[in-house]
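Structure record follows, encoded as structure tokens.
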Amino acid sequence: MPKIHANGVELYYELHGSETAPLLVLNNGIIMNAAGSWVFQTKTLAQHYRILQYDCRGQGQSEHPESPYSMELHADDLAALLTALNVDKAHISGISYGGEVAQAFGLKYPQRTLSLILADTVSQVNAELRIIVDGWLDSARAADANAFFNATVPWNFSPAFIAANPSLLADAKGRYKLLDYPAVVRLCECFLDVNFTARLGELKCPTCIIVGSLDLLKGPAYAAILRAGIPHAEMHILQGAGHASCWERPQEFNSAILGFLAKQVS
């Protein structure tokens with residue numbers, strides 16, 4: 001599997017689609033990875049765009065350095081990865097943690113950002129979200145895979161999705177046992193420092209905001225903050241979807257992205 005040494009860290013990446021198509025970057029959620037996050041997106045989106053999926057530092061098959069992470073550092077990693085791949089500019093998307101990485105990239109590298117797609121993500125961490133993530137940290141610091149699964153899953157999926165997909169969740173529970181919990185702790189701690197709201201007006205590129213109507217973690221209220229702060233942003237609410245909207249409503253998710261990108265000049 002391809003890896004590149006960029007900004008002092010080894011990053012795992014995948015490229016899909018035509019080499020001549022505009023590049024669309026997909027940034028993963030905090031517990032996900034490039035190989036599994038986008039199973040319902042890659043084939044469809046790669047018919048129109050060159051797709052870059054990668055694991056940020058601390059995730060999946062990328063390196064997990066022991067020093068603290070920051071959103072700015074993630075943005076620098078992505079910039080270095082794009083440079084190593086000879087890409088000057090790209091459409092930058094992300095879901096959840098990946099959406100916060102996308103915001104950091106757009107703020108630091110506006111000249112390299114053709115557009116932003118921000119799904120089920122936040123520009124600030126309010127008190128209730130901080131308490132939720134502090135609970136995740138308790139089980140992650142204890143490296144208790146079952147406790148971490150139980151603490152996170154009800155926030156990541158809607159009740160209907162949980163009820164309808166017992167085998168998928170059983171598989172996920174097995175994968176939780178393989179997580180690098182010290183790296184998960186660093187990722188969660190990095191997330192708790194997110195505070196972009198006052199700077200959202202600096203994001204001048206076209207922006208698409210996507211959120212599940214039943215996202216209890218980073219839902220419509222957080223999306224409304226993004227919509228109010230980012231000039232020229234459009235918003236799509238996916239009815240009945242929880243936090244992992246790209247899994248729960250993949251066709252609507254893909255349509256929102258493709259419809260938005262069709263209006264942009266690459």
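Simple scheme: letters A, B, ... for chains in structure tokens order, numbers from 1 for residues in each chain, numbers from 1 for ligands in the order shown.
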**OP:** Output as an MDAnalysis selection string all residues of range 39-256 of chain A that backbone DSSP marks as strand (DSSP E).
**Re:** chainID A and resid 50:54 90:95 113:119 207:212 233:238
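Taking only C-alpha atoms, the non-local environment of Lys89 in chain A within 10 Å (same-chain residues fewer than 6 positions away omitted) comprises Pro22, Leu23, Leu24, Ala79, Leu82, Thr83, Tyr109, Pro110, Gln111, Arg112, Thr113, Leu114, Ser115 and Ser266 of chain A.
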Taking only C-alpha atoms into account, produce a table as JSON lines in which each residue of range 31-80 of chain A with an atom at most 8 Å from an atom of range 229-250 of chain A appears once, together with its shortest atom pair and the distance in Å to one decimal, ordered by chain and rising number.
{"residue": "A:Trp38", "atom": "CA", "partner": "A:Cys246", "partner_atom": "CA", "distance": 7.6}
{"residue": "A:Phe40", "atom": "CA", "partner": "A:Pro250", "partner_atom": "CA", "distance": 6.0}
{"residue": "A:Gln41", "atom": "CA", "partner": "A:Pro250", "partner_atom": "CA", "distance": 7.0}
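Each of A:Ile162, A:Ala35, A:Ile92, A:Met71 was compared to Cys205 in chain A using only C-alpha atoms, and A:Ile92 turns out to be the nearest.
Remark: for Ala84 in chain A, the closest of the candidate residues A:Ser158, A:Glu10, A:Leu226, A:Arg199 is A:Glu10 (distances computed over only C-alpha atoms).
The gap separating CA of Met32 in chain A from CA of Ala163 in chain A is 20.7 Å, in Å to one decimal.
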Original post:
Where in range 133-215 of chain A does DSSP assign helix (DSSP H, G or I), given as a PyMOL selection string?
Top reply: chain A and resi 133-141+145-156+159-164+166-176+181-191+197-202
If you take only C-alpha atoms and a cut-off of 10 Å, which residues of range 208-240 of chain A touch range 124-130 of chain A, and what are their nearest atom pairs and distances in Å to one decimal, in chain and number order, as a tab-separated table?
residue	atom	partner	partner_atom	distance
A:Leu216	CA	A:Leu129	CA	9.5
A:Leu217	CA	A:Leu129	CA	6.8
A:Lys218	CA	A:Leu129	CA	7.9
A:Tyr222	CA	A:Gln124	CA	8.0
A:Ile225	CA	A:Gln124	CA	8.9
A:Leu226	CA	A:Gln124	CA	9.5
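Proximity ranking of A:Pro182, A:Gly98, A:Gly58, A:Gly174 relative to Ser139 in chain A places A:Pro182 first, based on only C-alpha atoms.
Distance annotation: of A:Ile95, A:Ala34, A:Ile132, A:Val9, the residue with the minimal separation from Ala80 in chain A is A:Val9; atom set is only C-alpha atoms.
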Tell me, as a PDB file with C-alpha atoms, in the first residue's frame, which residues lie within 10 Å of Ser67 in chain A, counting only C-alpha atoms; anything in the same chain fewer than 3 positions away does not count.
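Saved as around00.pdb:
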ATOM      1  CA  HIS A  64       1.382   7.408  15.027  1.00  0.00           C
ATOM      2  CA  SER A  70      -2.902  19.833  16.405  1.00  0.00           C
ATOM      3  CA  ALA A 183      -3.001   7.707  19.473  1.00  0.00           C
ATOM      4  CA  ARG A 186      -3.944  12.353  21.203  1.00  0.00           C
TER       5      ARG A 186
END
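Of the residues listed (A:Phe260, A:Phe105, A:Tyr69, A:Tyr49), A:Tyr69 shows the shortest atom-to-atom separation from Glu189 in chain A; distances use only C-alpha atoms.
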